[in-house]
Each structure stands twice: as C-alpha cells, then as structure tokens.
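Next comes entry-v9.cif, a file with mmCIF, C-alpha atoms and all ligand atoms.
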```cif
data_run
#
loop_
_atom_site.label_atom_id
_atom_site.label_comp_id
_atom_site.auth_asym_id
_atom_site.auth_seq_id
_atom_site.Cartn_x
_atom_site.Cartn_y
_atom_site.Cartn_z
CA MET Y 233 69.26 50.37 -37.62
CA LEU Y 234 67.86 47.16 -39.03
CA VAL Y 235 68.71 46.21 -42.62
CA SER Y 236 67.10 43.06 -44.00
CA VAL Y 237 67.04 41.22 -47.28
CA GLU Y 238 63.78 39.47 -47.85
CA SER Y 239 63.49 36.82 -50.53
CA ASP Y 240 60.00 35.51 -50.09
CA SER Y 241 56.65 36.41 -48.59
CA HIS Y 242 57.06 39.63 -50.56
CA ARG Y 243 53.37 40.14 -50.79
CA THR Y 244 52.46 39.44 -47.22
CA GLY Y 245 55.36 41.15 -45.52
CA MET Y 246 55.20 38.32 -43.00
CA GLY Y 247 58.94 37.84 -42.86
CA THR Y 248 59.49 34.11 -43.12
CA GLY Y 249 62.52 34.13 -45.40
CA MET Y 250 64.77 31.09 -44.92
CA GLY Y 251 66.91 32.50 -42.18
CA LEU Y 252 67.57 35.78 -43.95
CA ALA Y 253 65.16 37.95 -42.04
CA THR Y 254 66.70 39.45 -38.94
CA ALA Y 255 63.74 38.97 -36.65
CA PRO Y 256 64.56 38.75 -32.97
CA SER Y 257 64.78 35.21 -31.63
CA GLY Y 258 61.84 35.77 -29.27
CA TYR Y 259 59.67 36.57 -32.25
CA ALA Y 260 61.02 33.57 -34.14
CA ARG Y 261 60.04 31.33 -31.22
CA LEU Y 262 56.57 32.86 -31.16
CA VAL Y 263 56.15 32.17 -34.89
CA GLN Y 264 57.32 28.59 -34.37
CA ARG Y 265 54.76 28.00 -31.64
CA ALA Y 266 52.03 29.67 -33.69
CA ALA Y 267 52.90 27.47 -36.67
CA SER Y 268 52.60 24.26 -34.68
CA ALA Y 269 49.22 25.34 -33.22
CA TYR Y 270 47.95 26.98 -36.45
CA VAL Y 271 47.44 30.38 -34.85
CA PRO Y 272 46.89 33.19 -37.39
CA LEU Y 273 49.46 35.44 -35.75
CA ASN Y 274 50.04 37.73 -38.75
CA VAL Y 275 47.13 38.77 -40.89
CA LEU Y 276 47.24 41.20 -43.77
CA VAL Y 277 44.03 42.93 -44.75
CA GLU Y 278 43.84 44.74 -48.04
CA LEU Y 279 41.47 47.62 -47.42
CA THR Y 280 41.22 48.47 -51.10
CA HIS Y 281 42.83 47.67 -54.42
CA ARG Y 282 42.41 51.27 -55.53
CA CYS Y 283 45.61 53.25 -55.94
CA HIS Y 284 46.56 56.61 -57.33
CA LEU Y 285 49.99 55.32 -58.34
CA ASP Y 286 50.60 52.98 -61.25
CA CYS Y 287 53.85 51.22 -60.35
CA VAL Y 288 55.51 49.32 -63.16
CA HIS Y 289 55.83 46.17 -61.02
CA CYS Y 290 52.41 46.28 -59.32
CA TYR Y 291 50.77 42.86 -59.10
CA LEU Y 292 47.25 44.24 -58.88
CA GLU Y 293 45.43 44.33 -62.18
CA ASP Y 294 42.47 46.26 -60.77
CA ASN Y 295 44.25 49.17 -59.08
CA HIS Y 296 43.36 51.92 -61.51
CA ALA Y 297 39.81 52.88 -60.61
CA HIS Y 298 39.84 55.51 -57.88
CA GLY Y 299 36.13 55.51 -57.11
CA ALA Y 300 34.86 53.40 -54.21
CA LYS Y 301 34.14 49.82 -55.18
CA PRO Y 302 30.73 48.68 -54.00
CA ARG Y 303 31.93 45.23 -52.94
CA GLU Y 304 34.67 46.48 -50.58
CA LEU Y 305 34.14 45.41 -46.96
CA THR Y 306 32.34 48.09 -44.97
CA LEU Y 307 33.60 49.57 -41.72
CA ASP Y 308 31.17 47.35 -39.77
CA GLU Y 309 32.34 44.25 -41.59
CA LEU Y 310 35.97 45.18 -41.01
CA CYS Y 311 35.37 45.68 -37.27
CA ARG Y 312 33.61 42.31 -37.02
CA LEU Y 313 36.54 40.76 -38.85
CA ILE Y 314 38.97 42.32 -36.37
CA ASP Y 315 36.93 40.86 -33.48
CA ASP Y 316 37.19 37.46 -35.09
CA LEU Y 317 40.92 37.81 -35.79
CA ALA Y 318 41.61 38.81 -32.19
CA ALA Y 319 39.59 35.84 -30.93
CA ALA Y 320 41.55 33.52 -33.22
CA GLY Y 321 44.89 34.66 -31.74
CA CYS Y 322 46.01 37.26 -34.26
CA LEU Y 323 48.54 39.69 -32.78
CA PHE Y 324 49.87 41.55 -35.82
CA LEU Y 325 47.54 43.18 -38.31
CA THR Y 326 48.88 44.73 -41.50
CA LEU Y 327 46.64 47.18 -43.32
CA SER Y 328 47.59 47.28 -46.97
CA GLY Y 329 46.26 48.31 -50.36
CA GLY Y 330 46.20 49.68 -52.98
CA GLU Y 331 46.57 52.95 -51.16
CA ILE Y 332 44.95 52.55 -47.75
CA PHE Y 333 44.34 56.29 -47.26
CA LEU Y 334 42.10 56.45 -50.32
CA ARG Y 335 39.54 54.96 -47.89
CA ARG Y 336 38.06 57.37 -45.37
CA GLU Y 337 37.51 54.52 -42.87
CA THR Y 338 41.18 53.51 -42.64
CA LEU Y 339 41.96 55.40 -39.44
CA GLU Y 340 38.78 54.10 -37.81
CA VAL Y 341 39.72 50.52 -38.72
CA ALA Y 342 43.24 51.03 -37.33
CA ARG Y 343 41.89 52.54 -34.09
CA TYR Y 344 39.46 49.66 -33.65
CA ALA Y 345 42.28 47.14 -34.13
CA ARG Y 346 44.39 48.92 -31.50
CA ARG Y 347 41.46 48.88 -29.07
CA ARG Y 348 41.23 45.12 -29.61
CA GLY Y 349 44.91 44.85 -28.65
CA LEU Y 350 46.39 44.21 -32.10
CA ALA Y 351 49.74 45.65 -33.14
CA ILE Y 352 49.36 47.31 -36.51
CA ARG Y 353 51.52 47.95 -39.50
CA LEU Y 354 50.44 50.38 -42.19
CA PHE Y 355 51.58 50.11 -45.83
CA THR Y 356 51.19 53.39 -47.70
CA ALA Y 357 52.86 55.45 -50.40
CA GLY Y 358 52.38 58.47 -48.13
CA LEU Y 359 51.15 60.85 -50.82
CA LEU Y 360 47.91 61.57 -49.00
CA LEU Y 361 49.46 62.15 -45.58
CA THR Y 362 48.97 65.56 -44.00
CA PRO Y 363 50.32 66.92 -40.71
CA GLU Y 364 46.93 66.10 -39.12
CA LEU Y 365 46.90 62.56 -40.47
CA ILE Y 366 50.47 62.05 -39.30
CA SER Y 367 49.44 63.12 -35.77
CA ALA Y 368 46.56 60.66 -35.90
CA ILE Y 369 48.89 57.87 -37.03
CA ARG Y 370 51.32 58.70 -34.24
CA ALA Y 371 48.52 58.38 -31.70
CA LEU Y 372 47.98 54.79 -32.86
CA TYR Y 373 51.52 53.76 -31.82
CA PRO Y 374 51.87 51.55 -34.89
CA LEU Y 375 54.52 48.86 -35.02
CA SER Y 376 55.63 50.46 -38.28
CA VAL Y 377 54.55 52.59 -41.19
CA GLU Y 378 56.09 51.18 -44.35
CA PHE Y 379 56.91 52.92 -47.62
CA SER Y 380 58.42 51.77 -50.92
CA LEU Y 381 61.22 54.02 -52.12
CA TYR Y 382 63.24 53.41 -55.27
CA SER Y 383 65.97 56.04 -54.98
CA ALA Y 384 67.30 58.26 -52.23
CA GLU Y 385 67.94 61.25 -54.46
CA LYS Y 386 66.87 60.53 -58.03
CA ALA Y 387 63.28 61.71 -57.91
CA ASP Y 388 62.88 61.13 -61.66
CA LEU Y 389 63.82 57.48 -61.32
CA HIS Y 390 61.38 56.91 -58.43
CA ASP Y 391 58.62 58.75 -60.28
CA ALA Y 392 59.26 56.67 -63.40
CA ILE Y 393 58.67 53.50 -61.33
CA THR Y 394 55.47 54.81 -59.72
CA ARG Y 395 54.44 56.58 -62.95
CA ALA Y 396 53.33 59.46 -60.73
CA PRO Y 397 55.23 62.74 -61.15
CA GLY Y 398 56.10 64.31 -57.80
CA SER Y 399 55.59 61.08 -55.84
CA HIS Y 400 59.22 60.87 -54.64
CA GLY Y 401 59.11 64.25 -52.95
CA LYS Y 402 55.82 63.49 -51.20
CA THR Y 403 56.90 60.04 -50.02
CA VAL Y 404 60.21 61.36 -48.66
CA TRP Y 405 58.35 64.22 -46.92
CA ALA Y 406 56.00 61.73 -45.24
CA ILE Y 407 58.90 59.52 -44.14
CA ARG Y 408 60.76 62.49 -42.64
CA GLU Y 409 57.69 63.80 -40.85
CA LEU Y 410 56.90 60.44 -39.26
CA VAL Y 411 60.50 59.87 -38.23
CA ALA Y 412 60.60 63.35 -36.70
CA ARG Y 413 57.61 62.36 -34.57
CA HIS Y 414 59.27 59.11 -33.49
CA VAL Y 415 56.96 56.85 -35.46
CA PRO Y 416 58.80 53.64 -36.50
CA VAL Y 417 59.29 53.74 -40.28
CA VAL Y 418 60.38 50.98 -42.63
CA ILE Y 419 61.74 51.97 -46.03
CA LYS Y 420 61.41 49.15 -48.52
CA THR Y 421 62.85 48.72 -51.98
CA PRO Y 422 61.46 46.07 -54.28
CA LEU Y 423 64.76 45.67 -56.11
CA MET Y 424 64.47 45.75 -59.89
CA ARG Y 425 67.33 45.95 -62.38
CA GLU Y 426 66.85 49.66 -63.02
CA VAL Y 427 66.92 50.62 -59.35
CA PHE Y 428 69.61 48.15 -58.26
CA PRO Y 429 72.43 50.77 -58.19
CA GLU Y 430 70.33 52.86 -55.80
CA TYR Y 431 70.24 50.58 -52.76
CA PRO Y 432 73.53 51.62 -51.09
CA ALA Y 433 72.35 55.24 -51.02
CA LEU Y 434 68.94 54.10 -49.76
CA VAL Y 435 70.63 52.17 -46.93
CA ARG Y 436 72.54 55.37 -46.04
CA LEU Y 437 69.36 57.43 -46.14
CA ALA Y 438 67.57 54.98 -43.84
CA GLN Y 439 70.58 54.97 -41.55
CA SER Y 440 70.67 58.74 -41.38
CA LEU Y 441 66.97 58.84 -40.55
CA GLY Y 442 67.02 55.98 -38.06
CA ALA Y 443 64.52 54.03 -40.16
CA ALA Y 444 64.61 50.27 -40.78
CA TYR Y 445 65.42 49.23 -44.33
CA LEU Y 446 64.17 46.20 -46.24
CA LEU Y 447 65.48 45.10 -49.62
CA ASP Y 448 63.43 42.62 -51.57
CA PRO Y 449 64.62 41.17 -54.88
CA THR Y 450 61.22 39.56 -55.51
CA VAL Y 451 59.09 40.78 -58.39
CA THR Y 452 56.09 38.56 -59.03
CA PRO Y 453 53.74 38.19 -62.00
CA LYS Y 454 50.47 40.05 -61.75
CA ASN Y 455 47.48 38.45 -60.03
CA ASP Y 456 45.89 37.76 -63.41
CA GLY Y 457 48.93 35.74 -64.55
CA ASP Y 458 50.47 38.49 -66.70
CA GLN Y 459 54.22 37.78 -66.56
CA SER Y 460 55.47 41.04 -68.07
CA THR Y 461 56.66 42.26 -64.65
CA CYS Y 462 59.20 39.40 -64.47
CA ALA Y 463 61.35 41.24 -67.05
CA LEU Y 464 62.06 43.80 -64.29
CA ARG Y 465 63.82 41.25 -62.07
CA LEU Y 466 67.50 41.56 -61.23
CA THR Y 467 70.03 40.09 -63.65
CA PRO Y 468 72.11 37.09 -62.45
CA ASP Y 469 75.12 39.41 -61.94
CA GLN Y 470 73.08 41.82 -59.85
CA LEU Y 471 71.72 38.99 -57.71
CA THR Y 472 75.23 37.69 -57.09
CA ALA Y 473 76.48 41.16 -56.16
CA LEU Y 474 73.55 41.56 -53.77
CA TYR Y 475 74.22 38.33 -51.88
CA ALA Y 476 77.99 39.00 -51.84
CA ASP Y 477 77.69 42.53 -50.49
CA PRO Y 478 79.59 42.54 -47.18
CA ALA Y 479 77.63 45.64 -46.13
CA LEU Y 480 74.40 43.62 -46.00
CA PRO Y 481 73.62 41.23 -43.16
CA VAL Y 482 73.24 38.27 -45.51
CA ALA Y 483 76.74 37.68 -46.87
CA GLU Y 484 78.10 35.66 -43.95
CA GLU Y 485 74.87 33.75 -43.54
CA ILE Y 486 74.86 32.83 -47.24
CA ARG Y 487 78.35 31.37 -46.94
CA THR Y 488 77.28 29.21 -44.00
CA LEU Y 489 74.11 28.05 -45.67
CA VAL Y 490 75.75 27.20 -48.97
CA SER Y 491 78.47 25.17 -47.30
CA ARG Y 492 75.73 22.89 -45.93
CA GLN Y 493 74.37 21.58 -49.20
CA ARG Y 494 71.89 18.80 -48.59
CA PRO Y 495 68.33 17.90 -49.57
CA ARG Y 496 65.61 18.55 -47.01
CA ASP Y 497 64.18 15.66 -45.03
CA PRO Y 498 61.18 14.23 -46.97
CA GLU Y 499 59.01 14.58 -43.87
CA ASP Y 500 59.90 18.27 -43.34
CA GLU Y 501 57.12 20.79 -43.66
CA VAL Y 502 57.34 22.84 -46.85
CA CYS Y 503 56.39 26.32 -45.67
CA ASN Y 504 54.14 28.30 -43.37
CA LEU Y 505 51.20 28.66 -45.76
CA GLY Y 506 48.00 28.19 -43.80
CA LYS Y 507 49.80 28.05 -40.45
CA THR Y 508 50.68 31.48 -39.06
CA GLY Y 509 48.79 33.94 -41.17
CA CYS Y 510 46.77 34.77 -44.21
CA ALA Y 511 45.68 37.64 -46.41
CA ILE Y 512 42.17 38.98 -46.77
CA SER Y 513 41.08 40.84 -49.88
CA PRO Y 514 39.03 44.07 -49.88
CA PHE Y 515 36.07 41.86 -50.80
CA GLY Y 516 36.35 39.44 -47.88
CA ASP Y 517 38.10 36.54 -49.58
CA VAL Y 518 40.55 34.75 -47.28
CA TYR Y 519 43.74 33.65 -49.05
CA PRO Y 520 46.66 31.63 -47.66
CA THR Y 521 48.82 34.50 -48.92
CA LEU Y 522 48.44 37.44 -51.28
CA GLY Y 523 48.23 36.45 -54.91
CA PHE Y 524 47.08 32.90 -54.18
CA PRO Y 525 44.66 32.01 -56.99
CA TRP Y 526 42.03 30.28 -54.84
CA PRO Y 527 40.37 31.66 -51.73
CA ALA Y 528 39.84 29.40 -48.72
CA GLY Y 529 36.48 31.08 -48.09
CA ASN Y 530 34.78 34.45 -47.77
CA ILE Y 531 34.02 36.15 -44.47
CA ARG Y 532 30.65 37.29 -45.78
CA GLU Y 533 29.63 33.64 -45.99
CA GLN Y 534 31.41 32.13 -42.98
CA PRO Y 535 33.09 33.56 -39.88
CA PHE Y 536 36.84 33.90 -40.21
CA ARG Y 537 37.44 31.33 -37.44
CA THR Y 538 35.45 28.68 -39.28
CA ILE Y 539 37.36 29.29 -42.49
CA TRP Y 540 40.69 29.26 -40.68
CA ARG Y 541 39.94 26.00 -38.85
CA GLU Y 542 37.99 24.07 -41.44
CA ALA Y 543 38.74 25.20 -45.00
CA PRO Y 544 39.91 22.14 -46.98
CA LEU Y 545 42.44 24.29 -48.87
CA LEU Y 546 44.18 25.41 -45.67
CA ASN Y 547 44.21 21.90 -44.27
CA LYS Y 548 45.77 20.57 -47.48
CA LEU Y 549 48.48 23.22 -47.29
CA ARG Y 550 49.17 22.35 -43.64
CA ALA Y 551 49.69 18.71 -44.60
CA LEU Y 552 52.23 19.48 -47.34
CA ARG Y 553 55.61 17.80 -46.85
CA VAL Y 554 58.84 17.95 -48.84
CA LYS Y 555 58.16 14.44 -50.18
CA HIS Y 556 55.08 15.80 -51.98
CA LEU Y 557 57.19 18.15 -54.08
CA GLY Y 558 58.41 17.21 -57.52
CA ALA Y 559 61.94 18.03 -58.64
CA CYS Y 560 62.72 20.02 -55.50
CA SER Y 561 62.34 17.15 -53.03
CA GLY Y 562 65.78 15.71 -53.82
CA CYS Y 563 67.56 18.98 -54.55
CA ASN Y 564 70.66 19.58 -52.42
CA LYS Y 565 70.16 23.35 -52.67
CA PHE Y 566 66.89 23.18 -50.77
CA SER Y 567 68.41 24.27 -47.46
CA TYR Y 568 69.34 27.70 -48.86
CA CYS Y 569 66.76 27.99 -51.62
CA ASN Y 570 63.93 30.45 -51.17
CA ARG Y 571 61.53 28.26 -53.12
CA CYS Y 572 57.98 29.30 -52.56
CA CYS Y 573 54.96 27.35 -53.77
CA MET Y 574 53.50 30.62 -55.06
CA TRP Y 575 56.60 31.37 -57.14
CA ALA Y 576 56.54 27.81 -58.49
CA LEU Y 577 52.92 28.21 -59.52
CA MET Y 578 53.13 31.70 -60.95
CA ASP Y 579 56.48 31.34 -62.71
CA ASP Y 580 56.47 27.78 -63.95
CA GLY Y 581 52.86 26.70 -63.60
CA ASP Y 582 53.07 23.99 -60.92
CA PHE Y 583 52.41 24.66 -57.25
CA LEU Y 584 54.40 21.58 -56.20
CA GLY Y 585 57.14 22.01 -58.78
CA GLY Y 586 60.33 24.02 -58.85
CA SER Y 587 60.66 27.73 -59.51
CA SER Y 588 63.12 28.99 -62.11
CA TRP Y 589 63.41 32.24 -60.19
CA ALA Y 590 64.25 30.39 -56.94
CA CYS Y 591 66.83 28.32 -58.86
CA ASP Y 592 68.42 31.57 -60.13
CA ILE Y 593 68.59 32.98 -56.60
CA ALA Y 594 70.11 29.75 -55.23
CA ALA Y 595 72.74 29.89 -57.99
CA ALA Y 596 73.50 33.54 -57.16
CA LYS Y 597 74.06 32.60 -53.51
CA GLU Y 598 76.51 29.90 -54.62
CA ARG Y 599 78.41 32.34 -56.81
CA ALA Y 600 78.41 34.88 -53.99
CA ALA Y 601 79.95 32.23 -51.75
CA GLY Y 602 82.58 31.39 -54.40
CA LEU Y 603 81.22 27.88 -54.93
CA PRO Y 604 80.56 26.14 -58.26
CA SER Y 605 76.93 26.24 -59.31
CA HIS Y 606 75.44 23.12 -60.88
CA PRO Y 607 72.08 22.92 -62.66
CA THR Y 608 69.19 22.08 -60.36
CA PRO Y 609 66.78 19.16 -60.86
CA HIS Y 610 64.11 21.69 -61.82
CA GLN Y 611 66.34 23.37 -64.43
CA ALA Y 612 67.21 19.96 -65.90
CA LYS Y 613 63.51 19.10 -66.07
CA MET Y 614 62.68 22.40 -67.75
CA GLN Y 615 65.44 21.88 -70.32
CA GLN Y 616 64.22 18.38 -71.11
CA SER Y 617 60.65 19.44 -71.62
CA SER Y 618 60.95 21.67 -74.64
CA SER Y 619 57.18 21.47 -74.88
CA ALA Y 620 56.67 22.83 -71.39
CA ALA Y 621 53.04 23.48 -70.52
CA PRO Y 622 52.01 27.12 -70.86
CA VAL Y 623 52.10 28.91 -67.55
CA SER Y 624 48.71 29.13 -65.94
CA PRO Y 625 47.94 30.81 -62.64
CA VAL Y 626 45.24 28.23 -61.91
CA ARG Y 627 47.09 24.94 -62.26
CA CYS Y 628 47.74 22.90 -59.16
CA SER Y 629 48.80 19.30 -58.82
CA PHE Y 630 47.59 18.63 -55.31
S1 LIG Y 701 51.68 51.78 -54.57
FE1 LIG Y 701 51.36 49.55 -54.37
S2 LIG Y 701 49.21 49.20 -54.99
FE2 LIG Y 701 49.81 51.26 -55.71
S3 LIG Y 701 50.44 50.93 -57.85
FE3 LIG Y 701 52.29 50.88 -56.52
S4 LIG Y 701 52.59 48.68 -56.06
FE4 LIG Y 701 50.46 48.92 -56.82
S1 LIG Y 702 65.16 22.76 -57.86
FE1 LIG Y 702 65.38 25.03 -57.76
S2 LIG Y 702 63.51 25.70 -56.72
FE2 LIG Y 702 63.71 23.50 -56.31
S3 LIG Y 702 64.84 23.37 -54.33
FE3 LIG Y 702 66.36 23.24 -56.00
S4 LIG Y 702 67.07 25.36 -56.29
FE4 LIG Y 702 65.14 25.45 -55.15
#
```

I need this file expressed as structure tokens, please.
Ligand code: SF4
Ligand code: SF4
Amino acid sequence: MLVSVESDSHRTGMGTGMGLATAPSGYARLVQRAASAYVPLNVLVELTHRCHLDCVHCYLEDNHAHGAKPRELTLDELCRLIDDLAAAGCLFLTLSGGEIFLRRETLEVARYARRRGLAIRLFTAGLLLTPELISAIRALYPLSVEFSLYSAEKADLHDAITRAPGSHGKTVWAIRELVARHVPVVIKTPLMREVFPEYPALVRLAQSLGAAYLLDPTVTPKNDGDQSTCALRLTPDQLTALYADPALPVAEEIRTLVSRQRPRDPEDEVCNLGKTGCAISPFGDVYPTLGFPWPAGNIREQPFRTIWREAPLLNKLRALRVKHLGACSGCNKFSYCNRCCMWALMDDGDFLGGSSWACDIAAAKERAAGLPSHPTPHQAKMQQSSSAAPVSPVRCSF
C-alpha cells in the first residue's frame, strides 16, 4: 500500500511535493522531461463547481447552487478540449469538481478521454455512486478514483466536516464497492486540527482495503480570498508530530533534508507552474493551477494549445528563478521548505514573497528532526513590518 504526505499542489493533485511524494522514479523522470519541454502532462479539469456537500474547508465560494450553470463547458466543448489536450501531450487527465457526478455528461467525458488514450483520475465524494455507475467506472479502467475521508469510524466527525448528514456511510460504501471490483482507490485526508487524531486509523483502514492513502496538511484560503479556512490548519505541535511519525514515509527523508540546510541556487527554477500541467475551470478558463487568481486564457476564445504555448502569464511563470524571490531567495531552509507561490500570494499577499504557512511547516520539520529552529527571513520581515499590507488575492509583484 502506498502512503504519501503531500505538502503542496493540494488543489491540483499533481504530486510535485519537494521530494515527499512517493512517485516511482520512472514517473519522476517523465515529469522532469515534460517540465523541460513544457508538455502539459497532467491537466485537471473542473467539470462543475456545484456540490451537494458544504465542507468547512472548501475553497470554492460558488459551490452551493445545485442547478446547472449556463456557462459550464458543454459536452462538445469538453470533447474538443480533450482532443487539444491529447495533441499537446497530456497523458493524465483529472476530472474534478465540485461533485463531478452532479453532471450527467461526466461518464461520457471520461469515456471520450479514454478513447483518446488519456489515463484518468476521478475526484468524487461518492454519494451519488450506484452499483450501475460503479460498473461503468470500472469499465473505464481509471488510474484512480479518489475520495476525501476524515475519519475511519467516527461518522459524526466526518459528517460535521462535510456538513452533510449520512455522507460518511455513503462515501465508505462507495470506497468498499470500488475496491471490491478492483478499481484503484485513493483515500485522502486534508488534515485539519480536528481530524488530526484520526489519521492512524485511516491509514489502517486504507491498508486493510488495499487502497492508497494520501495525507495533506494543506488548507488554503477560499478562491475569493476569504481566509477563515486557515483557522482549521494543524497546530505547530500537530505538524511536528506528523513529520516525526516513524509510521509515515516522510520521517527519514525529513531528517536527511533538514541536515542539508542551504539556500537554493539563485538560477534554480522556482516551481513547475506553467510547465507540466494546468487547471481548467468549468467555464473554460485555463489557470496555471487551481486557485490562481488570473487565467492565462479561455478555451472559448483561443485553442488550448495556443494558450499553453503563447500566454504571457505562463511564459512569465516559466522564466521565474529563485533570484526573483524576495526574502526566500537567501533562506537556508529553502531545500526542505514547501514554499509555493500560491501560498505566498494567498496567505501573505505577495506571489514572490515568503509564506508564513510554509515557514511554519519548515520549522515543524526541523523540530521533528530534533534540530533548533531559527526564524526565517520571511518571518523577520513580517515582524518588522507591523503595518503589513492587507492580504489581497490579486496582488503580484512580477
Ligand atoms: S466535496 Fe469538494 S467541492 Fe464539495 S464542498 Fe467538499 S471540498 Fe468543496
Ligand atoms: S522564508 Fe519561509 S517560505 Fe521562504 S524559503 Fe524560508 S522557510 Fe520557506
């Protein structure tokens, strides 16, 4: 069974976390080659923002209407998009929501993608799955069907997170049914302070089912900049306990990383934004990643391939180097920090600046490794500027 701890790319599920993801080395080499040639290997398409759950940590601000939204991409538009993605080199297509099965066309989209040779991953809460739908999913041979689960046994706790009574039982039923039919399942837990004590039992549940398990301590602000969800994040003690847990595959790696404290080379690339994948909204906007405040273009106005090759935003992101960053560029924690430009922007208001949340995680890794933890350049800067600018989701200094 595969157990992973993911600390970034939470929204895309693209798995690029600073050496913590346990992707096979063949896949890692593929991603490396795709990044140097700017091939959109992994693309996430949100089929809808509609959802019948109302999770406390959800980053969508427009997930409550259940009726079809007139601007959502049609089946024809989605099929044309898949043609374009396949031609551009995409291999892995993630269909996400909202709840993807609130759309009647979802299966048709998935079948079309399989016919075009794409491997697919499906993100769902599973509440709408039926035995017939499960058979149809099985016939797609998906790479994975992925569910969020917040407790193995405490249905009330899970239902309090989703704010949907009965959701735990239905999600667990769907997981068991898929596993019984040999469909690869990933159980994921966005780790929040209230559900932190649950993860060992969730690991055991996944183990007993033969499902993969992914822990993610990332909780982001909402797309509209509302930061109330950040109060759900793990406490410093919980973060330390997570990274020190010998039962997880990260503990040894953390010790190795932390013992190599050094700043990154100024000419190093910052991240994979704009290089190996992107996210496409239900309305056709192409984003470097989910939650990015500016689209690179819209597929109703330009073909995907033109946007991917020519959009000024994507080309700016591809040119980003460590030397362009502010406080982080000289930070000796950079080699084990999960800093993400999106976190920096959404948490502290500057795309090229530091991220307080990333600083907290880096400090937790140091404590987990038994090393002293010193303030970071970003923390020192934040302390100095008592009149810090208000956080805005639309500020960018490049
Ligand atoms: S299932 Fe996903 S989209 Fe739906 S409310 Fe929960 S986090 Fe949001
Ligand atoms: S200042 Fe904080 S966010 Fe920036 S590299 Fe250092 S630990 Fe990471």

Original post:
Which residue out of Y:Glu340, Y:Glu598, Y:Asp388, Y:Asp286 has the minimum interatomic distance to Ala473 of chain Y when all atoms listed in the file are used?
Top reply: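 Going through Y:Glu340, Y:Glu598, Y:Asp388, Y:Asp286 one by one, the smallest distance to Ala473 of chain Y is for Y:Glu598.
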
Please give me, as a CSV table (one decimal) with C-alpha atoms, in the coordinates of the input, the residues lying within 10 Å of ligand LIG 702 (chain Y) when counting all atoms listed in the file.
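pocket-v7.csv, written as the output of this step:
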```csv
chain,number,residue,atom,x,y,z
Y,495,PRO,CA,68.3,17.9,-49.6
Y,496,ARG,CA,65.6,18.6,-47.0
Y,554,VAL,CA,58.8,18.0,-48.8
Y,557,LEU,CA,57.2,18.2,-54.1
Y,558,GLY,CA,58.4,17.2,-57.5
Y,559,ALA,CA,61.9,18.0,-58.6
Y,560,CYS,CA,62.7,20.0,-55.5
Y,561,SER,CA,62.3,17.2,-53.0
Y,562,GLY,CA,65.8,15.7,-53.8
Y,563,CYS,CA,67.6,19.0,-54.6
Y,564,ASN,CA,70.7,19.6,-52.4
Y,565,LYS,CA,70.2,23.4,-52.7
Y,566,PHE,CA,66.9,23.2,-50.8
Y,567,SER,CA,68.4,24.3,-47.5
Y,568,TYR,CA,69.3,27.7,-48.9
Y,569,CYS,CA,66.8,28.0,-51.6
Y,570,ASN,CA,63.9,30.4,-51.2
Y,571,ARG,CA,61.5,28.3,-53.1
Y,572,CYS,CA,58.0,29.3,-52.6
Y,573,CYS,CA,55.0,27.4,-53.8
Y,575,TRP,CA,56.6,31.4,-57.1
Y,576,ALA,CA,56.5,27.8,-58.5
Y,584,LEU,CA,54.4,21.6,-56.2
Y,585,GLY,CA,57.1,22.0,-58.8
Y,586,GLY,CA,60.3,24.0,-58.8
Y,587,SER,CA,60.7,27.7,-59.5
Y,588,SER,CA,63.1,29.0,-62.1
Y,589,TRP,CA,63.4,32.2,-60.2
Y,590,ALA,CA,64.2,30.4,-56.9
Y,591,CYS,CA,66.8,28.3,-58.9
Y,592,ASP,CA,68.4,31.6,-60.1
Y,593,ILE,CA,68.6,33.0,-56.6
Y,594,ALA,CA,70.1,29.8,-55.2
Y,595,ALA,CA,72.7,29.9,-58.0
Y,606,HIS,CA,75.4,23.1,-60.9
Y,607,PRO,CA,72.1,22.9,-62.7
Y,608,THR,CA,69.2,22.1,-60.4
Y,609,PRO,CA,66.8,19.2,-60.9
Y,610,HIS,CA,64.1,21.7,-61.8
Y,611,GLN,CA,66.3,23.4,-64.4
Y,612,ALA,CA,67.2,20.0,-65.9
Y,613,LYS,CA,63.5,19.1,-66.1
```

**OP:** Could the residues that lie within 7 Å of ligand LIG 701 (chain Y), counting only C-alpha atoms and all ligand atoms, be listed as a ChimeraX atom specification?
**Re:** /Y:281,283-287,289-292,295,329-331,357,394

Original post:
Using only C-alpha atoms, which of the listed residues (Y:Leu327, Y:Ile332, Y:Leu437, Y:Arg425) sits closest to Leu276 of chain Y?
Top reply: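 Of the candidates, the smallest distance to Leu276 of chain Y is held by Y:Leu327.
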
**OP:** Excluding segment 254-269 of chain Y and any residue of its chain fewer than 2 positions from it, enumerate the residues within 6 Å of it, using all atoms listed in the file, and give them as a ChimeraX atom specification.
**Re:** /Y:271,507-508

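Near segment 342-356 of chain Y, within 8 Å and counting all atoms listed in the file, sit Cys311, Ile314, Asp315, Ala318, Cys322, Leu323, Phe324, Leu325, Thr326, Leu327, Ser328, Gly329, Glu331, Ile332, Phe333, Thr338, Leu339, Glu340, Gly358, Leu372, Pro374, Leu375, Ser376, Val377, Glu378 and Phe379 of chain Y, not including residues fewer than 2 positions from it in the same chain.
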
Subject >> Who sits within 10 Å of Ala412 of chain Y, only C-alpha atoms, same chain under 5 positions skipped, as a PyMOL selection string >> reply: chain Y and resi 406-407+441-442

Next, write the just-selected residues to a file, as a CSV table (one decimal), in the coordinates of the input, keeping C-alpha atoms as the atom set.
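And here is the file that came out, part20.csv:
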```csv
chain,number,residue,atom,x,y,z
Y,406,ALA,CA,56.0,61.7,-45.2
Y,407,ILE,CA,58.9,59.5,-44.1
Y,441,LEU,CA,67.0,58.8,-40.6
Y,442,GLY,CA,67.0,56.0,-38.1
```

**OP:** Go ahead and compute the interatomic distance for atom CA of Gln493 of chain Y and atom CA of Lys555 of chain Y, in Å to one decimal.
**Re:**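 Going from atom CA of Gln493 of chain Y over to atom CA of Lys555 of chain Y, I get 17.7 Å.
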
Subject >> Near-Glu304 of chain Y list (8 Å; all atoms listed in the file; drop same-chain fewer than 4 positions) as a list in words >> reply: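 Close residues of Glu304 of chain Y: Leu279, Thr280, Ala300, Pro514, Phe515 and Gly516 of chain Y.
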
**OP:** Kindly indicate which residue among Y:Thr452, Y:Gln459, Y:Thr403, Y:Thr488 lies nearest to Leu603 of chain Y, using all atoms listed in the file for the distances.
**Re:** Y:Thr488
